[in-house]
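As provided, query_13.cif (mmCIF, C-alpha atoms) reads as follows.
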data_run
loop_
_atom_site.label_atom_id
_atom_site.label_comp_id
_atom_site.auth_asym_id
_atom_site.auth_seq_id
_atom_site.Cartn_x
_atom_site.Cartn_y
_atom_site.Cartn_z
CA MET A 242 17.03 6.13 25.63
CA ILE A 243 14.61 3.64 27.19
CA LYS A 244 11.87 5.12 25.04
CA HIS A 245 13.91 4.43 21.95
CA ILE A 246 14.54 0.86 22.98
CA LYS A 247 10.83 0.42 23.62
CA GLN A 248 10.01 1.65 20.14
CA TYR A 249 12.32 -0.84 18.56
CA LEU A 250 11.43 -3.65 20.97
CA TRP A 251 9.91 -5.90 18.30
CA VAL A 252 12.73 -5.21 15.91
CA ILE A 253 15.31 -6.13 18.55
CA ILE A 254 13.47 -9.33 19.50
CA PHE A 255 13.07 -10.22 15.84
CA LEU A 256 16.74 -9.71 15.05
CA ALA A 257 17.76 -11.69 18.13
CA VAL A 258 15.51 -14.60 17.12
CA SER A 259 16.88 -14.41 13.56
CA VAL A 260 20.49 -14.56 14.74
CA ILE A 261 19.72 -17.51 17.04
CA SER A 262 17.85 -19.26 14.20
CA TYR A 263 20.84 -18.76 11.96
CA PHE A 264 23.29 -20.37 14.36
CA MET A 265 20.95 -23.15 15.39
CA GLY A 266 20.01 -23.85 11.78
CA PHE A 267 16.31 -23.28 12.55
CA ASN A 268 14.82 -23.10 9.04
CA PRO A 269 11.50 -21.30 9.69
CA GLY A 270 13.41 -18.50 11.40
CA ILE A 271 15.79 -18.20 8.47
CA THR A 272 12.93 -18.20 5.92
CA ILE A 273 11.09 -15.48 7.81
CA TYR A 274 14.25 -13.40 8.04
CA THR A 275 14.88 -13.82 4.31
CA SER A 276 11.45 -12.47 3.38
CA PHE A 277 11.81 -9.68 5.94
CA LYS A 278 15.07 -8.70 4.27
CA SER A 279 13.50 -8.51 0.82
CA PHE A 280 10.63 -6.34 2.16
CA LEU A 281 13.10 -4.17 4.00
CA ILE A 282 15.04 -3.59 0.79
CA GLU A 283 11.81 -2.58 -0.93
CA MET A 284 11.01 -0.22 1.93
CA ILE A 285 14.38 1.46 2.26
CA THR A 286 14.59 2.08 -1.48
CA PHE A 287 11.07 3.45 -1.90
CA ILE A 288 10.05 5.14 1.30
CA PRO A 289 12.87 7.70 1.76
CA LEU A 290 12.22 8.94 -1.79
CA LEU A 291 8.54 9.21 -0.96
CA PHE A 292 9.30 11.34 2.07
CA ILE A 293 11.58 13.64 0.09
CA LEU A 294 8.61 14.29 -2.21
CA ILE A 295 6.20 14.71 0.73
CA GLY A 296 8.54 17.24 2.35
CA LEU A 297 8.94 19.21 -0.86
CA PHE A 298 5.21 19.05 -1.52
CA ASP A 299 4.66 20.49 1.95
CA VAL A 300 6.87 23.54 1.41
CA TRP A 301 6.04 24.25 -2.23
CA VAL A 302 2.33 23.66 -2.60
CA PRO A 303 0.25 26.31 -0.85
CA LYS A 304 -2.80 25.29 1.11
CA GLU A 305 -5.02 27.54 -0.97
CA THR A 306 -4.14 25.68 -4.16
CA ILE A 307 -5.01 22.31 -2.67
CA GLU A 308 -8.20 23.63 -1.12
CA LYS A 309 -9.25 25.12 -4.41
CA TYR A 310 -8.59 22.08 -6.58
CA ILE A 311 -9.20 19.07 -4.35
CA GLY A 312 -10.79 20.67 -1.29
CA LYS A 313 -14.37 20.69 -0.06
CA GLU A 314 -15.70 22.84 -2.87
CA SER A 315 -13.99 20.91 -5.64
CA GLY A 316 -16.21 18.78 -7.83
CA THR A 317 -15.56 16.24 -10.55
CA LEU A 318 -12.31 17.91 -11.53
CA GLY A 319 -11.06 17.39 -7.98
CA ILE A 320 -11.83 13.69 -8.17
CA ILE A 321 -10.01 13.36 -11.50
CA LEU A 322 -7.01 15.25 -10.09
CA VAL A 323 -6.59 13.06 -7.00
CA ILE A 324 -6.92 9.92 -9.10
CA PHE A 325 -4.16 11.14 -11.42
CA LEU A 326 -1.99 12.07 -8.46
CA ALA A 327 -2.42 8.57 -7.01
CA MET A 328 -1.79 6.87 -10.35
CA LEU A 329 1.60 8.52 -10.64
CA GLN A 330 2.79 6.98 -7.40
CA ALA A 331 4.36 3.73 -6.41
CA GLY A 332 4.84 1.63 -3.32
CA PRO A 333 2.71 -0.23 -0.79
CA LEU A 334 -0.57 1.08 0.64
CA TYR A 335 0.94 1.93 4.00
CA GLY A 336 3.16 4.40 2.15
CA ALA A 337 -0.02 6.25 1.18
CA PHE A 338 -1.03 6.99 4.76
CA PRO A 339 1.63 9.67 5.33
CA VAL A 340 0.69 11.16 1.96
CA SER A 341 -2.95 11.34 3.04
CA TYR A 342 -1.82 13.15 6.17
CA ILE A 343 -0.10 15.84 4.15
CA LEU A 344 -3.08 16.06 1.76
CA TYR A 345 -5.44 16.41 4.72
CA LYS A 346 -3.26 19.07 6.31
CA LYS A 347 -3.35 21.05 3.08
CA GLY A 348 -7.13 21.02 2.99
CA THR A 349 -8.08 18.07 0.79
CA SER A 350 -11.68 17.00 1.28
CA ILE A 351 -12.37 13.73 3.10
CA LYS A 352 -14.05 12.29 0.03
CA ASN A 353 -10.98 12.99 -2.09
CA ILE A 354 -8.60 11.54 0.52
CA PHE A 355 -10.38 8.20 0.35
CA ILE A 356 -10.67 8.33 -3.42
CA TYR A 357 -6.93 8.96 -3.42
CA LEU A 358 -6.39 5.85 -1.26
CA GLY A 359 -8.61 3.80 -3.56
CA ALA A 360 -6.77 4.90 -6.68
CA PHE A 361 -3.44 4.45 -4.93
CA SER A 362 -4.22 0.89 -4.01
CA SER A 363 -5.63 -0.25 -7.31
CA MET A 364 -4.58 2.04 -10.17
CA LYS A 365 -0.92 2.95 -9.76
CA LEU A 366 0.57 3.09 -13.25
CA PRO A 367 3.75 1.11 -12.46
CA MET A 368 1.62 -1.65 -10.96
CA LEU A 369 -0.79 -1.67 -13.90
CA GLY A 370 2.17 -2.25 -16.19
CA ILE A 371 3.24 -5.30 -14.21
CA GLU A 372 -0.34 -6.54 -13.95
CA ILE A 373 -0.75 -6.42 -17.73
CA GLY A 374 2.46 -8.41 -18.04
CA TYR A 375 1.29 -11.15 -15.69
CA LEU A 376 -2.46 -11.30 -16.10
CA GLY A 377 -3.10 -9.73 -19.46
CA LEU A 378 -4.60 -6.50 -20.74
CA LYS A 379 -8.20 -7.73 -20.67
CA PHE A 380 -8.08 -8.70 -17.00
CA THR A 381 -6.37 -5.45 -16.03
CA ILE A 382 -8.87 -3.29 -17.91
CA PHE A 383 -11.89 -5.10 -16.46
CA ARG A 384 -10.49 -4.95 -12.93
CA THR A 385 -9.62 -1.27 -13.20
CA LEU A 386 -12.92 -0.23 -14.79
CA ILE A 387 -14.97 -2.01 -12.13
CA SER A 388 -12.78 -0.75 -9.28
CA LEU A 389 -12.92 2.90 -10.36
CA PRO A 390 -16.62 3.64 -9.70
CA LEU A 391 -16.53 1.54 -6.53
CA PHE A 392 -13.74 3.45 -4.84
CA ILE A 393 -15.24 6.76 -5.89
CA LEU A 394 -18.45 5.57 -4.22
CA ILE A 395 -16.42 4.59 -1.15
CA GLY A 396 -15.04 8.15 -1.05
CA PHE A 397 -18.57 9.57 -0.93
CA LEU A 398 -19.66 6.97 1.65
CA MET A 399 -16.65 7.63 3.89
CA GLU A 400 -17.39 11.34 3.86
CA LYS A 401 -20.99 10.62 4.90
CA LEU A 402 -20.05 8.05 7.55
CA VAL A 403 -17.07 9.65 9.27
CA GLY A 404 -17.24 13.17 7.90
CA LYS A 405 -17.96 15.22 10.99
CA ASP A 406 -15.17 14.42 13.38
CA PHE A 407 -12.66 12.98 10.98
CA GLU A 408 -9.03 13.98 11.03
CA VAL A 409 -5.79 12.49 9.81
CA LYS A 410 -3.17 12.52 12.52
CA GLU A 411 0.52 12.81 12.07
CA VAL A 412 2.33 9.75 13.33
CA ASN A 413 5.62 10.99 14.70
CA LEU A 414 8.20 10.32 17.34
CA LYS A 415 6.98 12.85 19.87
CA LYS A 416 3.46 11.47 20.02
CA GLU A 417 4.85 7.98 20.31
CA ASP A 418 7.00 9.06 23.23
CA LYS A 419 4.08 10.44 25.20
CA LYS A 420 2.41 7.05 25.40
CA MET B 79 6.44 -24.83 -8.39
CA ARG B 80 8.97 -22.16 -9.30
CA LEU B 81 7.52 -18.74 -9.75
CA ASN B 82 9.21 -16.23 -11.90
CA LEU B 83 10.33 -14.05 -9.02
CA GLN B 84 13.53 -12.87 -10.62
CA GLU B 85 11.73 -11.21 -13.50
CA SER B 86 9.19 -9.73 -11.15
CA LYS B 87 11.87 -8.26 -8.94
CA LEU B 88 13.52 -6.76 -11.99
CA ASN B 89 10.27 -4.95 -12.74
CA MET B 90 10.30 -3.53 -9.23
CA VAL B 91 13.89 -2.38 -9.62
CA ASN B 92 12.86 -0.54 -12.78
CA ASN B 93 10.01 1.11 -10.91
CA ILE B 94 12.27 2.21 -8.11
CA LEU B 95 14.75 3.55 -10.64
CA ILE B 96 12.09 5.64 -12.39
CA PHE B 97 10.79 6.85 -9.04
CA ALA B 98 14.33 7.78 -7.96
CA ILE B 99 14.99 9.69 -11.18
CA VAL B 100 11.73 11.63 -10.86
CA THR B 101 12.48 12.43 -7.22
CA GLY B 102 16.00 13.49 -8.20
CA ILE B 103 14.74 15.85 -10.89
CA VAL B 104 12.13 17.38 -8.57
CA LEU B 105 14.72 17.79 -5.84
CA LEU B 106 17.20 19.42 -8.21
CA ALA B 107 14.59 21.82 -9.56
CA SER B 108 13.59 22.69 -6.02
CA LEU B 109 17.20 23.33 -5.03
CA ILE B 110 17.75 25.63 -7.99
CA LEU B 111 14.56 27.57 -7.27
CA ASP B 112 15.00 27.97 -3.54
CA ARG B 113 17.69 26.34 -1.47
CA LYS B 114 16.38 27.36 1.90
CA LYS B 115 12.88 26.18 1.19
CA THR B 116 14.20 22.88 -0.15
CA LEU B 117 16.22 22.21 2.99
CA MET B 118 13.16 23.01 5.07
CA GLY B 119 11.13 20.51 3.05
CA LEU B 120 13.81 17.84 3.37
CA LYS B 121 13.91 18.37 7.12
CA LYS B 122 10.15 17.98 7.35
CA GLY B 123 10.29 14.86 5.22
CA LEU B 124 13.06 13.39 7.35
CA LYS B 125 11.15 14.10 10.55
CA MET B 126 8.05 12.36 9.23
CA PHE B 127 10.14 9.49 7.92
CA LEU B 128 11.84 8.88 11.28
CA GLY B 129 8.41 8.85 12.90
CA ILE B 130 7.12 6.01 10.80
CA VAL B 131 10.22 3.81 10.80
CA PRO B 132 9.35 1.82 13.96
CA PRO B 133 5.71 1.05 13.00
CA PHE B 134 6.78 0.24 9.42
CA LEU B 135 9.46 -2.16 10.62
CA ASN B 136 6.93 -3.84 12.90
CA ILE B 137 4.61 -4.29 9.95
CA LEU B 138 7.38 -5.83 7.87
CA ILE B 139 8.15 -8.29 10.67
CA LEU B 140 4.49 -9.22 10.99
CA VAL B 141 4.12 -9.62 7.24
CA SER B 142 7.18 -11.86 7.05
CA VAL B 143 5.85 -14.10 9.82
CA VAL B 144 2.36 -14.31 8.29
CA LEU B 145 3.83 -15.06 4.87
CA PHE B 146 5.74 -17.97 6.35
CA PHE B 147 2.52 -19.61 7.53
CA VAL B 148 0.58 -18.67 4.40
CA SER B 149 3.16 -19.79 1.87
CA GLN B 150 2.90 -19.49 -1.91
CA ASP B 151 2.46 -23.24 -2.26
CA LEU B 152 -0.34 -23.22 0.28
CA ILE B 153 -2.13 -20.39 -1.53
CA ILE B 154 -1.84 -22.13 -4.88
CA LYS B 155 -3.07 -25.38 -3.33
CA TYR B 156 -6.14 -23.89 -1.66
CA LEU B 157 -7.16 -21.55 -4.45
CA GLY B 158 -6.90 -24.08 -7.24
CA PRO B 159 -9.49 -24.92 -9.90
CA SER B 160 -11.60 -27.17 -7.68
CA SER B 161 -11.87 -24.70 -4.79
CA GLY B 162 -15.11 -23.13 -6.05
CA VAL B 163 -17.19 -20.76 -3.94
CA LEU B 164 -15.27 -21.62 -0.80
CA GLY B 165 -12.03 -20.77 -2.62
CA PHE B 166 -13.47 -17.37 -3.48
CA PHE B 167 -14.00 -16.57 0.19
CA ILE B 168 -10.68 -18.08 1.26
CA ALA B 169 -9.02 -15.85 -1.36
CA ALA B 170 -10.83 -12.80 0.00
CA ILE B 171 -9.81 -13.59 3.57
CA ILE B 172 -6.18 -14.44 2.80
CA GLY B 173 -5.94 -11.31 0.68
CA SER B 174 -7.40 -9.16 3.46
CA ILE B 175 -5.21 -10.46 6.24
CA THR B 176 -1.89 -10.70 4.49
CA LEU B 177 0.04 -7.98 2.81
CA ILE B 178 1.95 -9.49 -0.05
CA PRO B 179 4.05 -7.07 -2.06
CA GLY B 180 3.32 -6.80 -5.78
CA PHE B 181 6.47 -8.55 -6.89
CA ILE B 182 5.23 -11.71 -5.17
CA SER B 183 1.47 -11.39 -5.62
CA TYR B 184 1.52 -11.02 -9.41
CA PRO B 185 3.55 -14.18 -10.02
CA ILE B 186 1.30 -16.04 -7.55
CA SER B 187 -1.79 -14.82 -9.41
CA ALA B 188 -0.34 -15.77 -12.77
CA ALA B 189 0.53 -19.22 -11.38
CA LEU B 190 -3.02 -19.58 -10.05
CA ILE B 191 -4.46 -18.84 -13.49
CA GLY B 192 -1.92 -21.20 -15.06
CA ASN B 193 -3.09 -23.92 -12.67
CA GLY B 194 -6.68 -23.40 -13.73
CA ALA B 195 -8.01 -21.22 -10.91
CA SER B 196 -10.90 -18.94 -11.82
CA TYR B 197 -10.40 -15.27 -12.65
CA ALA B 198 -12.93 -14.36 -9.97
CA ILE B 199 -10.68 -15.88 -7.32
CA VAL B 200 -7.58 -14.15 -8.65
CA ALA B 201 -9.37 -10.81 -8.91
CA VAL B 202 -10.75 -10.95 -5.38
CA PHE B 203 -7.38 -12.10 -4.05
CA MET B 204 -5.49 -9.26 -5.72
CA THR B 205 -8.06 -6.63 -4.85
CA THR B 206 -8.23 -7.52 -1.16
CA LEU B 207 -4.43 -7.64 -1.08
CA MET B 208 -4.29 -4.12 -2.45
CA MET B 209 -7.26 -2.49 -0.74
CA VAL B 210 -7.81 -4.26 2.57
CA GLY B 211 -5.11 -4.51 5.20
CA VAL B 212 -5.73 -6.23 8.50
CA VAL B 213 -2.02 -6.41 9.27
CA THR B 214 -1.62 -2.69 8.62
CA LEU B 215 -4.81 -1.78 10.51
CA PRO B 216 -2.99 -0.67 13.70
CA LEU B 217 -0.95 1.79 11.65
CA GLU B 218 -4.00 2.93 9.70
CA ILE B 219 -5.82 3.56 12.98
CA LYS B 220 -2.96 5.80 14.09
CA TYR B 221 -3.52 7.97 11.03
CA PHE B 222 -7.30 7.87 10.52
CA GLY B 223 -8.67 6.87 13.90
CA LYS B 224 -10.35 3.59 14.75
CA ARG B 225 -13.76 4.25 13.25
CA ALA B 226 -12.64 5.52 9.87
CA ALA B 227 -9.96 2.84 9.47
CA ILE B 228 -12.34 -0.01 10.25
CA ILE B 229 -15.14 1.37 8.06
CA ARG B 230 -12.69 1.88 5.19
CA ASN B 231 -11.52 -1.71 5.40
CA ILE B 232 -15.05 -3.11 5.57
CA LEU B 233 -16.23 -1.04 2.59
CA ASN B 234 -13.18 -2.06 0.59
CA PHE B 235 -13.73 -5.70 1.48
CA ILE B 236 -17.28 -5.51 0.12
CA ALA B 237 -16.03 -3.68 -2.97
CA ALA B 238 -13.40 -6.38 -3.49
CA LEU B 239 -16.05 -9.12 -3.45
CA ILE B 240 -18.05 -7.21 -6.07
CA ILE B 241 -14.93 -6.64 -8.17
CA GLY B 242 -14.02 -10.33 -7.95
CA LEU B 243 -17.48 -11.47 -9.04
CA CYS B 244 -17.73 -8.95 -11.89
CA VAL B 245 -14.25 -9.59 -13.25
CA GLY B 246 -14.82 -13.34 -13.03
CA TRP B 247 -18.06 -12.99 -14.91
CA LEU B 248 -16.66 -10.64 -17.58
CA MET B 249 -13.64 -12.85 -18.22
CA GLN B 250 -15.96 -15.75 -18.96
CA LEU B 251 -17.86 -13.90 -21.67
#
Structure rendered as structure tokens:
Amino acid sequence: MIKHIKQYLWVIIFLAVSVISYFMGFNPGITIYTSFKSFLIEMITFIPLLFILIGLFDVWVPKETIEKYIGKESGTLGIILVIFLAMLQAGPLYGAFPVSYILYKKGTSIKNIFIYLGAFSSMKLPMLGIEIGYLGLKFTIFRTLISLPLFILIGFLMEKLVGKDFEVKEVNLKKEDKK
Amino acid sequence: MRLNLQESKLNMVNNILIFAIVTGIVLLASLILDRKKTLMGLKKGLKMFLGIVPPFLNILILVSVVLFFVSQDLIIKYLGPSSGVLGFFIAAIIGSITLIPGFISYPISAALIGNGASYAIVAVFMTTLMMVGVVTLPLEIKYFGKRAAIIRNILNFIAALIIGLCVGWLMQL
């Protein structure tokens, strides 16, 4: 029980401060709470769906398949595949970390994990649509075309720099409890 | 300055809706094919989800607090047309530290352009927002380890500067 309280310590403090701000009419506190609420709504609508897909991906897609297509031995095709996978997704970058864990567990190469993160952060199709709406097609195309080779390069560099002892850890309750 | 947040939020709602429909179809197909396996997958997903709820909530709190101090008006003021080279670096740093969700960052960027800010500044701001995350670094370290997380952020920061400069230059042509 204490462990659980400890985990949610910041959340509890934050909510307490928000409630006090509300009753005291402390505007900064209320503003911060309002933006927290809008982020929270974004999170609780997106993230559970993401984890349904991650769970299903885990049980349905065999390790061999992933290893074959986007694993160590995969070449250009592997890179194209992870980029497409990332483009089909939505949500904030921190939502991609659990996905990289499951990709890593299934045997995705380090290079492809980081290429996935690059594509996830800058080439998600839903985001590109919004970007075109706000900043225009020209801007979006330029930004995407320049980003693409750079994050592929980052994938190669990451594999070189951290390759040997790199692993993606699962962040779960049990490990948190041990601390 | 009033940003068109309403419209932007509507876009997000559409995205979520599409995402929900896709997830629903996948889930249904999975259930039809193999109920047991599906339940197992859902359980795994739920377990992972519960694990990340506390760190995610902490991030959201941090982001909300940071966003209060780095308000939209402040960003538009400091990244305006006369901000020049310094503005470029301020944009890169603000973008790296904060984590502003798309439905806010796109209207801000559009407002910046409307106010006469350069495309280089907007490109570097958006790219660092998307690719570099100082606020989320503690969580990233939990997944990738300290070394990999820090190197990834540094490399992406450099890439963002290059992207900003190139896009700025191309848009001028």
Enumerate, as an NGL selection string, the residues matched when the PyMOL selection byres ((chain A and resi 251) around 10) is run on the file above. (:A and (246-250 or 252-257)) or (:B and (132-133 or 135-136 or 139-140))
Atom CA of Asn89 of chain B sits from atom CA of Gly336 of chain A at a separation of 19.0 Å
Would you list the contacts of Lys121 of chain B as a VMD selection string, taking every protein, DNA or RNA residue within 10 Å and counting all atoms listed in the file, but skipping same-chain residues closer than 6 positions in sequence? (chain A and resid 292 to 293 296 to 297) or (chain B and resid 115 127)
Restricting the output to C-alpha atoms, write the selected residues as a PDB file, in the frame of the given file.
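File out.pdb, as written:
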ATOM      1  CA  PHE A 292       9.300  11.340   2.070  1.00  0.00           C
ATOM      2  CA  ILE A 293      11.580  13.640   0.090  1.00  0.00           C
ATOM      3  CA  GLY A 296       8.540  17.240   2.350  1.00  0.00           C
ATOM      4  CA  LEU A 297       8.940  19.210  -0.860  1.00  0.00           C
TER       5      LEU A 297
ATOM      6  CA  LYS B 115      12.880  26.180   1.190  1.00  0.00           C
ATOM      7  CA  PHE B 127      10.140   9.490   7.920  1.00  0.00           C
TER       8      PHE B 127
END
Atom CA of Thr205 of chain B sits from atom CA of Pro333 of chain A at a separation of 13.2 Å
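Closest to Phe380 of chain A among B:Ala188, B:Met208, B:Val144, B:Leu233 is B:Ala188, based on all atoms listed in the file.
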For this structure, which residues satisfy the selection - the PyMOL selection byres ((chain A and resi 375) around 9) - when it is evaluated on the file as given? I want them as a ChimeraX atom specification. /A:370-374,376-377 /B:184-185,187-188
d(atom CA of Pro179 of chain B, atom CA of Gly270 of chain A) in Å: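 Pair atom CA of Pro179 of chain B / atom CA of Gly270 of chain A returns 20.0 Å.
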For Gly119 of chain B, which of A:Tyr345, A:Phe392, A:Tyr310, A:Trp301 is the closest residue, counting only C-alpha atoms? A:Trp301
Residues near Thr275 of chain A, anyone? I mean within 10 Å using all atoms listed in the file, not counting same-chain ones fewer than 6 positions away, as an NGL selection string. (:A and (259 or 269 or 281)) or (:B and (142))
Give me the box for segment 297-310 of chain A as AutoDock Vina command-line options, namely the centre and edge lengths in Å to one decimal of a box along x, y and z that holds every listed atom plus 5 Å on each side.
--center_x -0.2 --center_y 23.3 --center_z -2.3 --size_x 28.2 --size_y 18.5 --size_z 18.5
Please provide the set of residues having any atom within 8 Å of Ile295 of chain A, restricted to only C-alpha atoms, with same-chain residues fewer than 3 positions apart removed, written as a ChimeraX atom specification. /A:291-292,298-299,340,343 /B:119,123
Just the selected residues (C-alpha atoms), exported as a tab-separated table (two decimals), keeping the file's coordinate frame, please.
chain	number	residue	atom	x	y	z
A	291	LEU	CA	8.54	9.21	-0.96
A	292	PHE	CA	9.30	11.34	2.07
A	298	PHE	CA	5.21	19.05	-1.52
A	299	ASP	CA	4.66	20.49	1.95
A	340	VAL	CA	0.69	11.16	1.96
A	343	ILE	CA	-0.10	15.84	4.15
B	119	GLY	CA	11.13	20.51	3.05
B	123	GLY	CA	10.29	14.86	5.22
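Once the PyMOL selection byres ((chain B and resi 244) around 12) is applied to this file, the selection holds Phe380, Phe383, Arg384, Thr385, Leu386, Ile387, Ser388 and Leu391 of chain A; Tyr197, Ala198, Ile199, Val200, Ala201, Val202, Ala237, Ala238, Leu239, Ile240, Ile241, Gly242, Leu243, Val245, Gly246, Trp247, Leu248, Met249, Gln250 and Leu251 of chain B.
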Residues at most 8 Å from segment 394-406 of chain A, counting all atoms listed in the file, excluding those fewer than 6 positions away in the same chain, as a list in words?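 Everything that qualifies: Ile351, Lys352, Asn353, Ile354, Phe355 and Ile356 of chain A; Arg225, Ala226, Ile229, Arg230, Leu233 and Asn234 of chain B.
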The residue from A:Val300, A:Met265, A:Leu334, A:Ile393 with the smallest atom-to-atom distance to Ile320 of chain A, counting only C-alpha atoms, is A:Ile393
Using only C-alpha atoms, the best pick from B:Ala195, B:Val213, B:Leu207, B:Val104 as closest to Ser363 of chain A would be B:Leu207
At a cut-off of 12 Å, using all atoms listed in the file, what residues contact Lys224 of chain B? Leave out same-chain residues fewer than 4 positions from it and give the result as a ChimeraX atom specification. /A:403,406-410 /B:215-220,228-231
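Take the candidates B:Thr101, B:Ser149, B:Thr214, B:Asn193 and check each one against Ser174 of chain B using only C-alpha atoms; the shortest distance goes to B:Thr214.
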How would segment 154-165 of chain B look with N, CA and C atoms restored, written as a PDB file, in the frame of the given file?
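Listing of selection_4.pdb after writing:
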ATOM      1  N   ILE B 154      -1.537 -21.516  -3.586  1.00  0.00           N
ATOM      2  CA  ILE B 154      -1.840 -22.130  -4.880  1.00  0.00           C
ATOM      3  C   ILE B 154      -2.648 -23.421  -4.688  1.00  0.00           C
ATOM      4  N   LYS B 155      -2.352 -24.123  -3.601  1.00  0.00           N
ATOM      5  CA  LYS B 155      -3.070 -25.380  -3.330  1.00  0.00           C
ATOM      6  C   LYS B 155      -4.543 -25.109  -3.000  1.00  0.00           C
ATOM      7  N   TYR B 156      -4.774 -24.109  -2.133  1.00  0.00           N
ATOM      8  CA  TYR B 156      -6.140 -23.890  -1.660  1.00  0.00           C
ATOM      9  C   TYR B 156      -7.007 -23.080  -2.620  1.00  0.00           C
ATOM     10  N   LEU B 157      -6.369 -22.371  -3.534  1.00  0.00           N
ATOM     11  CA  LEU B 157      -7.160 -21.550  -4.450  1.00  0.00           C
ATOM     12  C   LEU B 157      -7.205 -22.149  -5.843  1.00  0.00           C
ATOM     13  N   GLY B 158      -6.940 -23.410  -5.930  1.00  0.00           N
ATOM     14  CA  GLY B 158      -6.900 -24.080  -7.240  1.00  0.00           C
ATOM     15  C   GLY B 158      -8.247 -24.183  -7.909  1.00  0.00           C
ATOM     16  N   PRO B 159      -8.289 -24.862  -9.061  1.00  0.00           N
ATOM     17  CA  PRO B 159      -9.490 -24.920  -9.900  1.00  0.00           C
ATOM     18  C   PRO B 159     -10.701 -25.555  -9.216  1.00  0.00           C
ATOM     19  N   SER B 160     -10.459 -26.476  -8.270  1.00  0.00           N
ATOM     20  CA  SER B 160     -11.600 -27.170  -7.680  1.00  0.00           C
ATOM     21  C   SER B 160     -12.100 -26.495  -6.399  1.00  0.00           C
ATOM     22  N   SER B 161     -11.533 -25.313  -6.084  1.00  0.00           N
ATOM     23  CA  SER B 161     -11.870 -24.700  -4.790  1.00  0.00           C
ATOM     24  C   SER B 161     -13.243 -24.024  -4.772  1.00  0.00           C
ATOM     25  N   GLY B 162     -13.736 -23.634  -5.943  1.00  0.00           N
ATOM     26  CA  GLY B 162     -15.110 -23.130  -6.050  1.00  0.00           C
ATOM     27  C   GLY B 162     -15.442 -21.916  -5.200  1.00  0.00           C
ATOM     28  N   VAL B 163     -16.687 -21.898  -4.702  1.00  0.00           N
ATOM     29  CA  VAL B 163     -17.190 -20.760  -3.940  1.00  0.00           C
ATOM     30  C   VAL B 163     -16.379 -20.573  -2.652  1.00  0.00           C
ATOM     31  N   LEU B 164     -16.056 -21.690  -2.026  1.00  0.00           N
ATOM     32  CA  LEU B 164     -15.270 -21.620  -0.800  1.00  0.00           C
ATOM     33  C   LEU B 164     -13.920 -20.957  -1.084  1.00  0.00           C
ATOM     34  N   GLY B 165     -13.320 -21.345  -2.205  1.00  0.00           N
ATOM     35  CA  GLY B 165     -12.030 -20.770  -2.620  1.00  0.00           C
ATOM     36  C   GLY B 165     -12.118 -19.268  -2.775  1.00  0.00           C
TER      37      GLY B 165
END
